[in-house]
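A.B. asks: What follows is a single structure, and I will ask about it in a moment.
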Amino acid sequence: MAIYSHSRLSNFEQCPRRYYYQYVARLKVEKEQTIEAFLGSRVHDAPEKLYRDCMCGKLLSIEQVVEHFYTDWRERLHEGIRIVSTEYSSDDYRRVGEECLRRYYAQYAPFDQSATLALEHRVVIDLDGSGKYKLQGYIDRLAQQSDGTIEIHDYKTNKTLPAQAEKDQDRQLALYQIGVQQTWPDASEAELVWHFLRHGRTIKSTRSPADLDRLKANTICLIDDIESRRDEADFQVTESALCDWCPFQQTCPARKHLFKTEALPTNRFLGEPGVALVDCHTALTGEINELKGKITSLDEQREQVVDALVAYANREGVTTVVGSSREARVTEQVKIVLPRKSAEPEEYAELDRCLRAGEAWPAVSSLDPHALRRIWKGDSDDSGDVRTMIEPFVTEESARQVRFRQRKNGNGMAGNDNSCDLGDKQQEV
Ligand code: SF4
């Protein structure tokens with residue numbers, strides 16, 4: 001079995017298909033580095049240099065740390081680095097990095113709060129004690145307090161400061177704690193420490209032995225789930241905001257068409273068959289919605305005419321009112337009104353109870369195919385084992401669905417998110 005890592009597991013959780021491309025199919029793609037990732041790496045390197053020098057008895061000044069950071073930045077910056085937020089330049093990001101370091105230095109100089117044991121330390125975690133489920137990771141800084149408590153430090157340049165509760169559930173450093181305690185069994189106390197450098201904030205958290213046992217069990221379950229999947233179809237496509245940063249957009253069915261068409265000049269873009277079909281559907285949907293709006297308005301007008309006709313017939317003492325080509329017959333009708341589940345839930349429940357208790361129930365009840373479908377799909381409680389009962393009667397047919405949604409930067413009609421079941425008609429599209 002492969003050696004896993006926290007980022008590999010996160011990759012699977014975010015989008016199993018991306019995981020498939022990266023770790024199963026091992027597709028070769030040119031990975032683009034973003035300025036945020038570049039900033040993170042450069043800011044990361046500075047405390048490493050700072051603490052490495054401290055371990056050798058040398059305390060760098062803040063100006064030396066910043067100079068090291070600037071040199072590193074200059075030497076490694078290249079044109080291929082992608083700046084997603086184009087209103088900022090690489091110099092803006094460099095300044096953010098410098099501020100992060102100045103803030104950290106002011107907070108922790110002379111860096112003697114704990115003794116550094118290792119930097120960029122590789123840790124291996126054996127989840128089940130047999131070596132079958134293994135993970136590895138790198139600890140930014142491993143340190144020890146004077147009372148022996150181990151500190152596991154992580155440096156972050158995230159724009160958003162997470163909540164304490166979120167870090168109390170964080171998997172990465174807790175897994176590292178397991179690895180550290182397996183390496184040094186006498187390290188019974190450990191503290192997880194995140195430095196959010198943009199905010200000058202430190203978040204700390206601890207884990208109990210029971211927390212760590214739960215984490216091991218959950219992580220083993222997750223690995224078993226990944227290992228049980230074989231084919232591409234087993235790794236479902238899961239779109240999210242992260243797709244914009246995915247290196248497999250050219251291959252992924254959710255992004256392939258966008259990727260193929262976005263570089264086309266306008267005339268070729270509009271003539272591309274897929275684009276033309278979606279545009280045609282959008283135009284037709286617009287027309288249908290316009291007509292529906294008209295129909296609603298006409299229905300309302302007709303209701304008003306009916307009311308006026310009834311009033312006329314009453315006033316004139318007639319039951320038939322003639323028109324040029326048709327006539328209206330106005331009759332008294334008794335309308336049967338039953339309690340509705342949504343509007344009168346208590347009366348509805350009472351009626352339901354009475355009917356079920358009486359002998360008339362078979363005559364007035366009928367199958368609810370929606371409820372049965374929900375149970376079949378596992379979306380509803382099945383304490384009565386309905387699934388087993390209906391199994392001989394159910395067949396599963398493949399039906400594709402087409403959903404339309406507004407493109408982020410597209411020019412189509414706004415707001416419509418409609419879908420249609422194609423069933424057997426899918427070939428027509
Ligand atoms: S583009 Fe999005 S949906 Fe497709 S593989 Fe990448 S992350 Fe997953």
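Residues in the structure tokens are numbered from 1 in each chain, the chains being A, B, ... in the order shown, and ligands are numbered from 1 in the order shown.
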So that I can see what lies close to stretch 186-198 of chain A, please list as JSON, numbers by chain the residues with an atom at most 8 Å from it, counting only C-alpha atoms and leaving out residues fewer than 2 positions away in the same chain.
C.D. replies: {"A": [96, 99, 100, 101, 103, 104, 148, 149, 150, 151, 152, 153, 154, 155, 156, 157, 158, 159, 161, 173, 174, 177, 180, 181, 184, 200, 201, 202, 203, 204, 205, 206, 207]}
A.B. asks: List as a list in words the protein and nucleic acid residues lying within 8 Å of ligand 1, with only C-alpha atoms and all ligand atoms counted.
C.D. replies: Gln14, Cys15, Pro16, Arg17, Arg18, Tyr19, Tyr21, Val237, Thr238, Glu239, Ser240, Ala241, Leu242, Cys243, Asp244, Trp245, Cys246, Pro247, Phe248, Gln249, Gln250, Thr251, Cys252, Pro253, Ala254 and Arg255 of chain A
A.B. asks: Would you list, as an mmCIF file with N, CA and C atoms, in the first residue's frame, the residues of stretch 188-386 of chain A that end up in alpha helix (DSSP H) under DSSP run on this structure's backbone?
C.D. replies:
```cif
data_model
loop_
_atom_site.group_PDB
_atom_site.id
_atom_site.type_symbol
_atom_site.label_atom_id
_atom_site.label_comp_id
_atom_site.auth_asym_id
_atom_site.auth_seq_id
_atom_site.Cartn_x
_atom_site.Cartn_y
_atom_site.Cartn_z
ATOM 1 N N PRO A 209 -5.365 11.165 24.290
ATOM 2 C CA PRO A 209 -5.115 9.850 23.674
ATOM 3 C C PRO A 209 -6.362 9.316 22.952
ATOM 4 N N ALA A 210 -7.561 9.589 23.529
ATOM 5 C CA ALA A 210 -8.799 9.110 22.878
ATOM 6 C C ALA A 210 -9.001 9.827 21.537
ATOM 7 N N ASP A 211 -8.685 11.149 21.503
ATOM 8 C CA ASP A 211 -8.800 11.892 20.229
ATOM 9 C C ASP A 211 -7.899 11.245 19.175
ATOM 10 N N LEU A 212 -6.691 10.914 19.595
ATOM 11 C CA LEU A 212 -5.727 10.365 18.622
ATOM 12 C C LEU A 212 -6.153 8.972 18.159
ATOM 13 N N ASP A 213 -6.736 8.197 19.073
ATOM 14 C CA ASP A 213 -7.216 6.852 18.673
ATOM 15 C C ASP A 213 -8.343 6.986 17.645
ATOM 16 N N ARG A 214 -9.228 7.970 17.893
ATOM 17 C CA ARG A 214 -10.338 8.202 16.962
ATOM 18 C C ARG A 214 -9.798 8.636 15.598
ATOM 19 N N LEU A 215 -8.806 9.502 15.646
ATOM 20 C CA LEU A 215 -8.211 10.000 14.399
ATOM 21 C C LEU A 215 -7.582 8.849 13.609
ATOM 22 N N LYS A 216 -6.891 7.965 14.333
ATOM 23 C CA LYS A 216 -6.269 6.807 13.643
ATOM 24 C C LYS A 216 -7.351 5.975 12.959
ATOM 25 N N ALA A 217 -8.435 5.688 13.709
ATOM 26 C CA ALA A 217 -9.506 4.843 13.156
ATOM 27 C C ALA A 217 -10.148 5.517 11.937
ATOM 28 N N ASN A 218 -10.417 6.814 12.047
ATOM 29 C CA ASN A 218 -11.057 7.523 10.917
ATOM 30 C C ASN A 218 -10.140 7.562 9.703
ATOM 31 N N THR A 219 -8.859 7.754 9.955
ATOM 32 C CA THR A 219 -7.917 7.849 8.829
ATOM 33 C C THR A 219 -7.776 6.484 8.144
ATOM 34 N N ILE A 220 -7.780 5.422 8.935
ATOM 35 C CA ILE A 220 -7.726 4.071 8.344
ATOM 36 C C ILE A 220 -8.963 3.845 7.467
ATOM 37 N N CYS A 221 -10.130 4.269 7.976
ATOM 38 C CA CYS A 221 -11.380 4.131 7.185
ATOM 39 C C CYS A 221 -11.253 4.872 5.862
ATOM 40 N N LEU A 222 -10.717 6.073 5.934
ATOM 41 C CA LEU A 222 -10.586 6.886 4.722
ATOM 42 C C LEU A 222 -9.627 6.197 3.732
ATOM 43 N N ILE A 223 -8.530 5.684 4.235
ATOM 44 C CA ILE A 223 -7.565 5.003 3.344
ATOM 45 C C ILE A 223 -8.207 3.750 2.744
ATOM 46 N N ASP A 224 -8.968 3.014 3.567
ATOM 47 C CA ASP A 224 -9.661 1.817 3.047
ATOM 48 C C ASP A 224 -10.613 2.205 1.920
ATOM 49 N N ASP A 225 -11.301 3.336 2.117
ATOM 50 C CA ASP A 225 -12.242 3.811 1.091
ATOM 51 C C ASP A 225 -11.476 4.101 -0.208
ATOM 52 N N ILE A 226 -10.355 4.787 -0.080
ATOM 53 C CA ILE A 226 -9.575 5.124 -1.288
ATOM 54 C C ILE A 226 -9.075 3.838 -1.958
ATOM 55 N N GLU A 227 -8.552 2.933 -1.140
ATOM 56 C CA GLU A 227 -7.957 1.707 -1.690
ATOM 57 C C GLU A 227 -8.999 0.791 -2.336
ATOM 58 N N LYS A 256 -13.172 20.310 -19.137
ATOM 59 C CA LYS A 256 -12.544 20.074 -20.435
ATOM 60 C C LYS A 256 -13.087 21.008 -21.532
ATOM 61 N N HIS A 257 -14.405 21.132 -21.585
ATOM 62 C CA HIS A 257 -15.016 21.926 -22.651
ATOM 63 C C HIS A 257 -14.687 23.407 -22.473
ATOM 64 N N LEU A 258 -14.720 23.862 -21.243
ATOM 65 C CA LEU A 258 -14.339 25.249 -20.949
ATOM 66 C C LEU A 258 -12.907 25.479 -21.420
ATOM 67 N N PHE A 259 -12.039 24.538 -21.064
ATOM 68 C CA PHE A 259 -10.627 24.667 -21.393
ATOM 69 C C PHE A 259 -10.418 24.693 -22.908
ATOM 70 N N LYS A 260 -11.201 23.809 -23.587
ATOM 71 C CA LYS A 260 -11.058 23.688 -25.040
ATOM 72 C C LYS A 260 -11.542 24.951 -25.754
ATOM 73 N N THR A 261 -12.570 25.583 -25.209
ATOM 74 C CA THR A 261 -13.211 26.678 -25.938
ATOM 75 C C THR A 261 -12.759 28.072 -25.522
ATOM 76 N N GLU A 262 -12.182 28.200 -24.313
ATOM 77 C CA GLU A 262 -11.944 29.564 -23.838
ATOM 78 C C GLU A 262 -10.886 30.319 -24.639
ATOM 79 N N THR A 266 -13.887 34.802 -30.818
ATOM 80 C CA THR A 266 -15.342 34.846 -30.621
ATOM 81 C C THR A 266 -16.125 34.105 -31.702
ATOM 82 N N ASN A 267 -15.791 34.317 -32.987
ATOM 83 C CA ASN A 267 -16.597 33.693 -34.052
ATOM 84 C C ASN A 267 -16.509 32.170 -34.001
ATOM 85 N N ARG A 268 -15.304 31.660 -33.689
ATOM 86 C CA ARG A 268 -15.172 30.194 -33.620
ATOM 87 C C ARG A 268 -15.804 29.664 -32.337
ATOM 88 N N PHE A 269 -15.734 30.466 -31.284
ATOM 89 C CA PHE A 269 -16.347 30.069 -30.009
ATOM 90 C C PHE A 269 -17.859 29.896 -30.200
ATOM 91 N N LEU A 270 -18.490 30.901 -30.824
ATOM 92 C CA LEU A 270 -19.941 30.840 -30.981
ATOM 93 C C LEU A 270 -20.380 29.726 -31.922
ATOM 94 N N GLY A 271 -19.481 29.343 -32.846
ATOM 95 C CA GLY A 271 -19.819 28.299 -33.811
ATOM 96 C C GLY A 271 -19.510 26.898 -33.302
ATOM 97 N N PRO A 273 -19.954 23.491 -31.731
ATOM 98 C CA PRO A 273 -21.270 22.838 -31.578
ATOM 99 C C PRO A 273 -21.809 22.834 -30.154
ATOM 100 N N GLY A 274 -20.970 22.561 -29.177
ATOM 101 C CA GLY A 274 -21.442 22.537 -27.779
ATOM 102 C C GLY A 274 -21.920 23.909 -27.345
ATOM 103 N N VAL A 275 -21.116 24.930 -27.660
ATOM 104 C CA VAL A 275 -21.474 26.308 -27.299
ATOM 105 C C VAL A 275 -22.808 26.670 -27.957
ATOM 106 N N ALA A 276 -22.928 26.304 -29.247
ATOM 107 C CA ALA A 276 -24.154 26.652 -29.981
ATOM 108 C C ALA A 276 -25.376 25.991 -29.335
ATOM 109 N N LEU A 277 -25.235 24.729 -28.905
ATOM 110 C CA LEU A 277 -26.376 24.039 -28.285
ATOM 111 C C LEU A 277 -26.782 24.693 -26.970
ATOM 112 N N VAL A 278 -25.791 25.031 -26.146
ATOM 113 C CA VAL A 278 -26.119 25.654 -24.862
ATOM 114 C C VAL A 278 -26.748 27.025 -25.103
ATOM 115 N N ASP A 279 -26.203 27.769 -26.063
ATOM 116 C CA ASP A 279 -26.762 29.095 -26.355
ATOM 117 C C ASP A 279 -28.194 28.981 -26.870
ATOM 118 N N CYS A 280 -28.423 27.958 -27.702
ATOM 119 C CA CYS A 280 -29.767 27.741 -28.243
ATOM 120 C C CYS A 280 -30.732 27.428 -27.093
ATOM 121 N N HIS A 281 -30.299 26.562 -26.178
ATOM 122 C CA HIS A 281 -31.144 26.204 -25.031
ATOM 123 C C HIS A 281 -31.421 27.439 -24.188
ATOM 124 N N THR A 282 -30.385 28.271 -23.992
ATOM 125 C CA THR A 282 -30.550 29.475 -23.171
ATOM 126 C C THR A 282 -31.569 30.415 -23.812
ATOM 127 N N ALA A 283 -31.481 30.567 -25.157
ATOM 128 C CA ALA A 283 -32.412 31.463 -25.852
ATOM 129 C C ALA A 283 -33.843 30.930 -25.737
ATOM 130 N N LEU A 284 -34.006 29.608 -25.954
ATOM 131 C CA LEU A 284 -35.345 29.018 -25.860
ATOM 132 C C LEU A 284 -35.907 29.142 -24.456
ATOM 133 N N THR A 285 -35.036 28.917 -23.455
ATOM 134 C CA THR A 285 -35.487 29.038 -22.060
ATOM 135 C C THR A 285 -35.959 30.465 -21.796
ATOM 136 N N GLY A 286 -35.225 31.434 -22.357
ATOM 137 C CA GLY A 286 -35.626 32.831 -22.187
ATOM 138 C C GLY A 286 -37.003 33.078 -22.770
ATOM 139 N N GLU A 287 -37.214 32.542 -23.969
ATOM 140 C CA GLU A 287 -38.528 32.735 -24.617
ATOM 141 C C GLU A 287 -39.629 32.058 -23.815
ATOM 142 N N ILE A 288 -39.334 30.830 -23.357
ATOM 143 C CA ILE A 288 -40.349 30.086 -22.575
ATOM 144 C C ILE A 288 -40.701 30.858 -21.306
ATOM 145 N N ASN A 289 -39.674 31.372 -20.630
ATOM 146 C CA ASN A 289 -39.931 32.116 -19.388
ATOM 147 C C ASN A 289 -40.761 33.367 -19.659
ATOM 148 N N GLU A 290 -40.468 34.009 -20.789
ATOM 149 C CA GLU A 290 -41.229 35.205 -21.148
ATOM 150 C C GLU A 290 -42.704 34.841 -21.359
ATOM 151 N N LEU A 291 -42.906 33.718 -22.105
ATOM 152 C CA LEU A 291 -44.280 33.271 -22.351
ATOM 153 C C LEU A 291 -44.976 32.875 -21.055
ATOM 154 N N LYS A 292 -44.207 32.198 -20.148
ATOM 155 C CA LYS A 292 -44.799 31.786 -18.870
ATOM 156 C C LYS A 292 -45.259 33.008 -18.095
ATOM 157 N N GLY A 293 -44.433 34.063 -18.138
ATOM 158 C CA GLY A 293 -44.785 35.309 -17.456
ATOM 159 C C GLY A 293 -46.088 35.854 -18.019
ATOM 160 N N LYS A 294 -46.199 35.811 -19.362
ATOM 161 C CA LYS A 294 -47.419 36.313 -20.007
ATOM 162 C C LYS A 294 -48.614 35.456 -19.608
ATOM 163 N N ILE A 295 -48.397 34.126 -19.598
ATOM 164 C CA ILE A 295 -49.495 33.207 -19.254
ATOM 165 C C ILE A 295 -49.980 33.475 -17.826
ATOM 166 N N THR A 296 -49.036 33.670 -16.904
ATOM 167 C CA THR A 296 -49.428 33.952 -15.514
ATOM 168 C C THR A 296 -50.291 35.210 -15.460
ATOM 169 N N SER A 297 -49.842 36.243 -16.185
ATOM 170 C CA SER A 297 -50.585 37.504 -16.160
ATOM 171 C C SER A 297 -51.970 37.317 -16.792
ATOM 172 N N LEU A 298 -52.022 36.547 -17.915
ATOM 173 C CA LEU A 298 -53.312 36.306 -18.575
ATOM 174 C C LEU A 298 -54.242 35.488 -17.677
ATOM 175 N N ASP A 299 -53.671 34.506 -16.944
ATOM 176 C CA ASP A 299 -54.467 33.695 -16.013
ATOM 177 C C ASP A 299 -55.112 34.582 -14.956
ATOM 178 N N GLU A 300 -54.314 35.522 -14.445
ATOM 179 C CA GLU A 300 -54.838 36.419 -13.404
ATOM 180 C C GLU A 300 -55.989 37.268 -13.964
ATOM 181 N N GLN A 301 -55.784 37.785 -15.195
ATOM 182 C CA GLN A 301 -56.834 38.603 -15.822
ATOM 183 C C GLN A 301 -58.112 37.779 -16.011
ATOM 184 N N ARG A 302 -57.911 36.492 -16.440
ATOM 185 C CA ARG A 302 -59.076 35.638 -16.699
ATOM 186 C C ARG A 302 -59.846 35.366 -15.403
ATOM 187 N N GLU A 303 -59.092 35.168 -14.291
ATOM 188 C CA GLU A 303 -59.741 34.967 -12.985
ATOM 189 C C GLU A 303 -60.622 36.157 -12.639
ATOM 190 N N GLN A 304 -60.088 37.359 -12.936
ATOM 191 C CA GLN A 304 -60.856 38.574 -12.627
ATOM 192 C C GLN A 304 -62.128 38.634 -13.469
ATOM 193 N N VAL A 305 -62.014 38.191 -14.740
ATOM 194 C CA VAL A 305 -63.193 38.181 -15.616
ATOM 195 C C VAL A 305 -64.228 37.185 -15.094
ATOM 196 N N VAL A 306 -63.749 36.013 -14.609
ATOM 197 C CA VAL A 306 -64.683 35.011 -14.068
ATOM 198 C C VAL A 306 -65.439 35.609 -12.884
ATOM 199 N N ASP A 307 -64.693 36.282 -11.983
ATOM 200 C CA ASP A 307 -65.350 36.909 -10.815
ATOM 201 C C ASP A 307 -66.415 37.909 -11.292
ATOM 202 N N ALA A 308 -66.040 38.688 -12.305
ATOM 203 C CA ALA A 308 -66.977 39.707 -12.813
ATOM 204 C C ALA A 308 -68.202 39.042 -13.445
ATOM 205 N N LEU A 309 -67.965 37.883 -14.138
ATOM 206 C CA LEU A 309 -69.077 37.161 -14.767
ATOM 207 C C LEU A 309 -70.053 36.635 -13.719
ATOM 208 N N VAL A 310 -69.511 36.052 -12.625
ATOM 209 C CA VAL A 310 -70.356 35.523 -11.553
ATOM 210 C C VAL A 310 -71.185 36.665 -10.973
ATOM 211 N N ALA A 311 -70.549 37.800 -10.729
ATOM 212 C CA ALA A 311 -71.253 38.952 -10.160
ATOM 213 C C ALA A 311 -72.343 39.417 -11.116
ATOM 214 N N TYR A 312 -72.032 39.439 -12.408
ATOM 215 C CA TYR A 312 -73.008 39.858 -13.427
ATOM 216 C C TYR A 312 -74.213 38.930 -13.418
ATOM 217 N N ALA A 313 -73.936 37.578 -13.432
ATOM 218 C CA ALA A 313 -75.018 36.596 -13.473
ATOM 219 C C ALA A 313 -75.913 36.724 -12.253
ATOM 220 N N ASN A 314 -75.293 36.930 -11.075
ATOM 221 C CA ASN A 314 -76.077 37.087 -9.839
ATOM 222 C C ASN A 314 -76.950 38.329 -9.929
ATOM 223 N N ARG A 315 -76.310 39.387 -10.390
ATOM 224 C CA ARG A 315 -77.031 40.668 -10.452
ATOM 225 C C ARG A 315 -78.220 40.603 -11.399
ATOM 226 N N GLU A 316 -78.002 39.935 -12.557
ATOM 227 C CA GLU A 316 -79.034 39.888 -13.591
ATOM 228 C C GLU A 316 -79.994 38.723 -13.412
ATOM 229 N N PRO A 345 -50.867 21.594 9.046
ATOM 230 C CA PRO A 345 -50.228 20.308 9.391
ATOM 231 C C PRO A 345 -50.958 19.522 10.475
ATOM 232 N N GLU A 346 -51.547 20.228 11.480
ATOM 233 C CA GLU A 346 -52.184 19.488 12.580
ATOM 234 C C GLU A 346 -53.458 18.793 12.104
ATOM 235 N N GLU A 347 -54.279 19.537 11.341
ATOM 236 C CA GLU A 347 -55.516 18.943 10.824
ATOM 237 C C GLU A 347 -55.166 17.795 9.862
ATOM 238 N N TYR A 348 -54.118 18.019 9.086
ATOM 239 C CA TYR A 348 -53.695 16.999 8.127
ATOM 240 C C TYR A 348 -53.307 15.708 8.872
ATOM 241 N N ALA A 349 -52.538 15.876 9.964
ATOM 242 C CA ALA A 349 -52.087 14.710 10.738
ATOM 243 C C ALA A 349 -53.273 13.985 11.357
ATOM 244 N N GLU A 350 -54.243 14.763 11.834
ATOM 245 C CA GLU A 350 -55.415 14.165 12.469
ATOM 246 C C GLU A 350 -56.220 13.359 11.446
ATOM 247 N N LEU A 351 -56.403 13.937 10.254
ATOM 248 C CA LEU A 351 -57.124 13.245 9.192
ATOM 249 C C LEU A 351 -56.398 11.944 8.839
ATOM 250 N N ASP A 352 -55.095 12.031 8.709
ATOM 251 C CA ASP A 352 -54.266 10.875 8.371
ATOM 252 C C ASP A 352 -54.439 9.776 9.423
ATOM 253 N N ARG A 353 -54.426 10.209 10.715
ATOM 254 C CA ARG A 353 -54.550 9.247 11.813
ATOM 255 C C ARG A 353 -55.922 8.551 11.765
ATOM 256 N N CYS A 354 -56.984 9.354 11.539
ATOM 257 C CA CYS A 354 -58.342 8.781 11.503
ATOM 258 C C CYS A 354 -58.482 7.760 10.379
ATOM 259 N N LEU A 355 -57.966 8.132 9.203
ATOM 260 C CA LEU A 355 -58.112 7.242 8.057
ATOM 261 C C LEU A 355 -57.351 5.928 8.261
ATOM 262 N N ARG A 356 -56.144 6.045 8.797
ATOM 263 C CA ARG A 356 -55.342 4.836 9.013
ATOM 264 C C ARG A 356 -55.994 3.910 10.036
ATOM 265 N N ALA A 357 -56.643 4.531 11.041
ATOM 266 C CA ALA A 357 -57.247 3.719 12.101
ATOM 267 C C ALA A 357 -58.511 3.004 11.610
ATOM 268 N N TRP A 361 -58.932 2.641 5.001
ATOM 269 C CA TRP A 361 -57.570 3.024 4.584
ATOM 270 C C TRP A 361 -57.162 2.436 3.227
ATOM 271 N N PRO A 362 -57.378 1.123 2.987
ATOM 272 C CA PRO A 362 -56.947 0.587 1.675
ATOM 273 C C PRO A 362 -57.626 1.309 0.511
ATOM 274 N N ALA A 363 -58.842 1.815 0.727
ATOM 275 C CA ALA A 363 -59.563 2.466 -0.377
ATOM 276 C C ALA A 363 -59.033 3.856 -0.679
ATOM 277 N N VAL A 364 -58.465 4.531 0.333
ATOM 278 C CA VAL A 364 -58.051 5.922 0.108
ATOM 279 C C VAL A 364 -56.538 6.107 0.056
ATOM 280 N N PRO A 369 -44.630 6.944 -4.976
ATOM 281 C CA PRO A 369 -43.371 6.572 -5.663
ATOM 282 C C PRO A 369 -42.193 7.446 -5.235
ATOM 283 N N HIS A 370 -42.457 8.729 -4.894
ATOM 284 C CA HIS A 370 -41.353 9.607 -4.473
ATOM 285 C C HIS A 370 -40.727 9.094 -3.181
ATOM 286 N N ALA A 371 -41.606 8.717 -2.230
ATOM 287 C CA ALA A 371 -41.104 8.226 -0.945
ATOM 288 C C ALA A 371 -40.320 6.933 -1.150
ATOM 289 N N LEU A 372 -40.834 6.055 -2.030
ATOM 290 C CA LEU A 372 -40.145 4.781 -2.272
ATOM 291 C C LEU A 372 -38.787 5.014 -2.918
ATOM 292 N N ARG A 373 -38.734 5.978 -3.858
ATOM 293 C CA ARG A 373 -37.449 6.276 -4.510
ATOM 294 C C ARG A 373 -36.436 6.798 -3.501
ATOM 295 N N ARG A 374 -36.922 7.645 -2.572
ATOM 296 C CA ARG A 374 -36.010 8.194 -1.557
ATOM 297 C C ARG A 374 -35.447 7.080 -0.685
ATOM 298 N N ILE A 375 -36.288 6.132 -0.306
ATOM 299 C CA ILE A 375 -35.835 5.011 0.524
ATOM 300 C C ILE A 375 -34.844 4.164 -0.272
ATOM 301 N N TRP A 376 -35.157 3.928 -1.550
ATOM 302 C CA TRP A 376 -34.295 3.094 -2.392
ATOM 303 C C TRP A 376 -32.894 3.707 -2.501
ATOM 304 N N VAL A 386 -38.248 -1.396 4.024
ATOM 305 C CA VAL A 386 -39.037 -1.284 2.790
ATOM 306 C C VAL A 386 -38.184 -1.652 1.580
#
```
A.B. asks: What is the distance between atom CA of A:His68 and atom CA of A:Thr116, in Å to one decimal?
C.D. replies: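 It comes out at 20.4 Å.
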A.B. asks: So how far away is atom CA of A:His6 from atom CA of A:Ile178, in Å?
C.D. replies: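 Answer for the atom CA of A:Ile178 to atom CA of A:His6 separation: 12.8 Å.
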A.B. asks: Please identify which residues in stretch 71-204 of chain A DSSP calls strand (DSSP E or B) from the backbone, and express them as an MDAnalysis selection string.
C.D. replies: chainID A and resid 82 115:126 134:144 150:156 190:196 201:204
A.B. asks: Go through A:Glu332, A:Gly131, A:Gln113, A:Lys31 and flag the residue nearest A:Ser146, using only C-alpha atoms for the distances.
C.D. replies: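 Comparing A:Glu332, A:Gly131, A:Gln113, A:Lys31 against A:Ser146, the winner is A:Gln113.
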A.B. asks: In Å to one decimal, how far is atom CA of A:Ala46 from atom CA of A:Asn11?
C.D. replies: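 One can read the atom CA of A:Asn11 to atom CA of A:Ala46 distance as 27.2 Å.
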A.B. asks: For A:Asp91, list every protein, DNA or RNA residue within 12 Å, evaluated using only C-alpha atoms, and leave out those in the same chain fewer than 6 positions away; present the list as a PyMOL selection string.
C.D. replies: chain A and resi 35+39+70+73-74+77+83+97-98
A.B. asks: Could you pull the residues within 7 Å of A:Leu117, counting only C-alpha atoms, minus those fewer than 5 positions along the same chain, as a list in words?
C.D. replies: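 My reading of the contact set: Leu142, Ala143 and Gln144 of chain A.
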A.B. asks: Let me see the file: selected residues, C-alpha atoms, as a PDB file, in the first residue's frame.
C.D. replies:
```pdb
ATOM      1  CA  LEU A 142       9.735  20.525  16.308  1.00  0.00           C
ATOM      2  CA  ALA A 143      10.587  21.956  19.714  1.00  0.00           C
ATOM      3  CA  GLN A 144      10.555  21.080  23.387  1.00  0.00           C
TER       4      GLN A 144
END
```
